[in-house]
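J.: Mind having a look at this structure? Questions to follow.
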Amino acid sequence: EEASAGSAQLCVCGHKISMHRSDLAMRTMTDFLEETGPAHWTKDMEGLVQVLDPEVLSNLQELIDHTHKSTDNWTRDRGCTLHGVNGAGCSLSCASKNRVPVPKEYRLHSAFRNQNQDLWHNYSLVKTAIGEECHGPSKVKTAQFSVQASSRWVEGEPLDASINEWYLFHGSRPEALSKILESNFRLTLAGSGATWKETGKPKGLPLYGFGLYFAECITKADEYAHPVQEGDPLPIEPDAASTLYAVLLCRVI
């Protein structure tokens with residue numbers, strides 16, 4: 001059933017009609033159970049699946065190289081050599097004077113695809129709804145924007161530039177990344193990660209307000225990545241020859 005609220009079309013459950021019109025939303029339970037994910041996924045496997053295709057690995061390295069900002073690339077979030085990140089008594093001038101060096105290059109060690117059908121189905125549903133609203137009649141004007149990775153292709157379905165679908169990075173602690181891969185991002189945790197906080201407080205006020213933060217450059221995401229250690233939940237074995245860091249590469253609209 002549908003109900004009209006001014007110019008907005010809503011169903012009786014309160015959702016926008018576009019959330020119910022999509023093919024994904026209208027599929028039967030049998031269809032849902034029979035779906036196995038996108039065509040490029042490894043069949044009959046769930047969770048993190050290691051990527052072995054040389055072309056995909058090459059595409060990922062090219063994406064990393066393309067989004068590496070080599071100049072004017074230090075920010076306070078990278079930290080101070082004396083006090084670390086968000087260290088007590090560390091001012092902006094102190095951190096700027098004692099900057100933690102920015103890596104000169106990034107090399108891909110390994111990659112894993114998150115074959116989580118629940119997350120993919122949810123993303124596909126919302127993507128379809130956003131597409132219908134962007135391409136349909138509306139009083140709200142939309143515009144296309146590009147980021148560093150807009151023109152890049154990694155694998156599977158190409159990005160949809162018409163709805164500003166982008167590849168963006170997200171860096172964090174391995175245990176936090178593992179939880180995101182299982183159940184998606186949680187807005188309730190905004191401000192509890194790398195945000196600068198007052199001493200003793202578990203949360204701070206993020207620079208642009210509470211929300212989900214991503215980076216178009218690997219150089220920025222790297223600021224929030226932590227070393228992979230023995231016993232971490234991610235299926236990455238620490239390398240004796242070098243320190244490994246993990247980041248997520250996400251499709252974002």
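Naming works like this for the structure tokens: A, B, ... for the chains as they're shown, residue 1 at the start of each chain, ligands 1 onward in shown order.
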Neighbours of Trp153 of chain A within 10 Å (only C-alpha atoms; same-chain residues fewer than 5 positions away dropped), as a PyMOL selection string?
T.: chain A and resi 56+59-60+62-63+158-159+167
J.: Given the selection you just returned, output its residues as a file containing C-alpha atoms, formatted as a PDB file, in the first residue's frame.
T.:
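Produced file result_27.pdb, reproduced below:
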```
ATOM      1  CA  VAL A  56      42.743  -8.002  -9.742  1.00  0.00           C
ATOM      2  CA  ASN A  59      44.409  -3.358 -10.366  1.00  0.00           C
ATOM      3  CA  LEU A  60      44.523  -2.954  -6.600  1.00  0.00           C
ATOM      4  CA  GLU A  62      47.521   0.521  -9.408  1.00  0.00           C
ATOM      5  CA  LEU A  63      44.675   1.971  -7.323  1.00  0.00           C
ATOM      6  CA  PRO A 158      31.863  -1.131 -12.678  1.00  0.00           C
ATOM      7  CA  LEU A 159      31.152   1.818 -10.412  1.00  0.00           C
ATOM      8  CA  TYR A 167      35.892   3.323  -4.157  1.00  0.00           C
TER       9      TYR A 167
END
```
J.: Would you mind reading off the distance between atom CA of Tyr224 of chain A and atom CA of Ser172 of chain A, one decimal, in Å?
T.: 5.0 Å
J.: Taking only C-alpha atoms into account, which of A:Thr42, A:Thr188, A:Glu223, A:Asp160 comes nearest Phe210 of chain A?
T.: A:Thr188
J.: Fewer than 4 positions away in the same chain doesn't count, so skip those; otherwise give me all residues within 8 Å of Ile163 of chain A, counting only C-alpha atoms, as a list in words.
T.: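 Those residues are Ile130, Gly131, Cys134, Gln144 and Ile253 of chain A.
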J.: Neighbours of Gly37 of chain A within 12 Å (only C-alpha atoms; same-chain residues fewer than 3 positions away dropped), as an NGL selection string?
T.: :A and (31-34 or 40-47 or 113-124 or 156-157)
J.: Please, could you write that set of residues out with N, CA and C atoms as a PDB file, in the first residue's frame?
T.:
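Full text of out.pdb as output:
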```
ATOM      1  N   ASP A  31      14.218 -17.122  -4.343  1.00  0.00           N
ATOM      2  CA  ASP A  31      15.269 -16.433  -5.083  1.00  0.00           C
ATOM      3  C   ASP A  31      16.394 -16.010  -4.140  1.00  0.00           C
ATOM      4  N   PHE A  32      15.996 -15.507  -2.980  1.00  0.00           N
ATOM      5  CA  PHE A  32      16.985 -15.036  -2.005  1.00  0.00           C
ATOM      6  C   PHE A  32      17.918 -16.168  -1.590  1.00  0.00           C
ATOM      7  N   LEU A  33      17.328 -17.337  -1.302  1.00  0.00           N
ATOM      8  CA  LEU A  33      18.124 -18.467  -0.842  1.00  0.00           C
ATOM      9  C   LEU A  33      19.012 -19.039  -1.942  1.00  0.00           C
ATOM     10  N   GLU A  34      18.580 -18.875  -3.195  1.00  0.00           N
ATOM     11  CA  GLU A  34      19.341 -19.430  -4.305  1.00  0.00           C
ATOM     12  C   GLU A  34      20.447 -18.505  -4.786  1.00  0.00           C
ATOM     13  N   HIS A  40      31.561 -12.393  -9.941  1.00  0.00           N
ATOM     14  CA  HIS A  40      33.009 -12.483  -9.765  1.00  0.00           C
ATOM     15  C   HIS A  40      33.411 -13.075  -8.411  1.00  0.00           C
ATOM     16  N   TRP A  41      32.442 -13.348  -7.538  1.00  0.00           N
ATOM     17  CA  TRP A  41      32.764 -13.972  -6.258  1.00  0.00           C
ATOM     18  C   TRP A  41      33.203 -15.424  -6.466  1.00  0.00           C
ATOM     19  N   THR A  42      34.038 -15.918  -5.568  1.00  0.00           N
ATOM     20  CA  THR A  42      34.429 -17.322  -5.585  1.00  0.00           C
ATOM     21  C   THR A  42      33.240 -18.159  -5.132  1.00  0.00           C
ATOM     22  N   LYS A  43      32.836 -19.128  -5.936  1.00  0.00           N
ATOM     23  CA  LYS A  43      31.640 -19.912  -5.644  1.00  0.00           C
ATOM     24  C   LYS A  43      31.783 -20.748  -4.374  1.00  0.00           C
ATOM     25  N   ASP A  44      30.639 -20.887  -3.691  1.00  0.00           N
ATOM     26  CA  ASP A  44      30.516 -21.751  -2.512  1.00  0.00           C
ATOM     27  C   ASP A  44      31.465 -21.359  -1.381  1.00  0.00           C
ATOM     28  N   MET A  45      31.802 -20.097  -1.282  1.00  0.00           N
ATOM     29  CA  MET A  45      32.656 -19.625  -0.196  1.00  0.00           C
ATOM     30  C   MET A  45      32.058 -18.364   0.402  1.00  0.00           C
ATOM     31  N   GLU A  46      32.141 -18.234   1.721  1.00  0.00           N
ATOM     32  CA  GLU A  46      31.609 -17.074   2.419  1.00  0.00           C
ATOM     33  C   GLU A  46      32.696 -16.437   3.275  1.00  0.00           C
ATOM     34  N   GLY A  47      32.459 -15.196   3.672  1.00  0.00           N
ATOM     35  CA  GLY A  47      33.421 -14.497   4.510  1.00  0.00           C
ATOM     36  C   GLY A  47      34.592 -13.979   3.693  1.00  0.00           C
ATOM     37  N   ARG A 113      38.568 -10.668  -0.440  1.00  0.00           N
ATOM     38  CA  ARG A 113      37.239 -10.171  -0.801  1.00  0.00           C
ATOM     39  C   ARG A 113      36.261 -10.569   0.293  1.00  0.00           C
ATOM     40  N   ASN A 114      35.434  -9.636   0.724  1.00  0.00           N
ATOM     41  CA  ASN A 114      34.451  -9.932   1.763  1.00  0.00           C
ATOM     42  C   ASN A 114      33.171 -10.458   1.120  1.00  0.00           C
ATOM     43  N   GLN A 115      33.019 -11.767   1.071  1.00  0.00           N
ATOM     44  CA  GLN A 115      31.838 -12.379   0.456  1.00  0.00           C
ATOM     45  C   GLN A 115      30.748 -12.570   1.509  1.00  0.00           C
ATOM     46  N   ASN A 116      30.234 -11.438   1.955  1.00  0.00           N
ATOM     47  CA  ASN A 116      29.175 -11.394   2.955  1.00  0.00           C
ATOM     48  C   ASN A 116      27.873 -11.060   2.220  1.00  0.00           C
ATOM     49  N   GLN A 117      27.031 -12.073   1.989  1.00  0.00           N
ATOM     50  CA  GLN A 117      25.825 -11.867   1.185  1.00  0.00           C
ATOM     51  C   GLN A 117      24.845 -10.890   1.827  1.00  0.00           C
ATOM     52  N   ASP A 118      24.714 -10.926   3.134  1.00  0.00           N
ATOM     53  CA  ASP A 118      23.783 -10.017   3.799  1.00  0.00           C
ATOM     54  C   ASP A 118      24.175  -8.560   3.538  1.00  0.00           C
ATOM     55  N   LEU A 119      25.454  -8.253   3.700  1.00  0.00           N
ATOM     56  CA  LEU A 119      25.907  -6.881   3.476  1.00  0.00           C
ATOM     57  C   LEU A 119      25.754  -6.488   2.010  1.00  0.00           C
ATOM     58  N   TRP A 120      26.061  -7.438   1.107  1.00  0.00           N
ATOM     59  CA  TRP A 120      25.948  -7.127  -0.321  1.00  0.00           C
ATOM     60  C   TRP A 120      24.497  -6.891  -0.725  1.00  0.00           C
ATOM     61  N   HIS A 121      23.576  -7.705  -0.202  1.00  0.00           N
ATOM     62  CA  HIS A 121      22.155  -7.536  -0.524  1.00  0.00           C
ATOM     63  C   HIS A 121      21.647  -6.185  -0.023  1.00  0.00           C
ATOM     64  N   ASN A 122      22.029  -5.818   1.193  1.00  0.00           N
ATOM     65  CA  ASN A 122      21.600  -4.537   1.748  1.00  0.00           C
ATOM     66  C   ASN A 122      22.136  -3.375   0.914  1.00  0.00           C
ATOM     67  N   TYR A 123      23.401  -3.478   0.540  1.00  0.00           N
ATOM     68  CA  TYR A 123      24.010  -2.426  -0.274  1.00  0.00           C
ATOM     69  C   TYR A 123      23.317  -2.319  -1.632  1.00  0.00           C
ATOM     70  N   SER A 124      23.059  -3.460  -2.260  1.00  0.00           N
ATOM     71  CA  SER A 124      22.427  -3.474  -3.579  1.00  0.00           C
ATOM     72  C   SER A 124      21.024  -2.877  -3.527  1.00  0.00           C
ATOM     73  N   GLY A 156      34.564  -7.078 -11.045  1.00  0.00           N
ATOM     74  CA  GLY A 156      33.110  -7.119 -10.955  1.00  0.00           C
ATOM     75  C   GLY A 156      32.432  -5.953 -11.641  1.00  0.00           C
ATOM     76  N   GLU A 157      31.254  -5.621 -11.140  1.00  0.00           N
ATOM     77  CA  GLU A 157      30.429  -4.567 -11.724  1.00  0.00           C
ATOM     78  C   GLU A 157      31.115  -3.210 -11.617  1.00  0.00           C
TER      79      GLU A 157
END
```
J.: From the DSSP assignment of the backbone, select every residue of segment 9-248 of chain A that is strand (DSSP E or B), and format the answer as number ranges by chain.
T.: A: 9-11, 16, 47-50, 80, 84, 99, 112-115, 166-171, 215, 227, 245, 247-248
J.: Write out as a list in words each polymer residue whose atoms come within 10 Å of Lys220 of chain A, counting only C-alpha atoms; drop sequence neighbours fewer than 6 positions from it.
T.: Thr67, His68, Lys69, Asn73, Trp74, Thr75, Asp77, Arg78, Val102, Phe169, His170, Gly171 and Phe214 of chain A
J.: Just the residues within 12 Å of Arg76 of chain A, please, counting only C-alpha atoms, with nothing from its chain fewer than 3 positions along; format it as a PyMOL selection string.
T.: chain A and resi 73+79-81+83-87+90-102+194-196+207+220+223-224
J.: Between A:Leu82, A:Glu155, A:Ala143, A:Pro137, which one has atoms that come closest to Asp53 of chain A, using only C-alpha atoms?
T.: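 Of all the options, A:Glu155 lies closest to Asp53 of chain A.
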J.: Using only C-alpha atoms, which of A:Ile64, A:Leu244, A:Cys217, A:Leu234 sits nearest Pro174 of chain A?
T.: A:Leu234
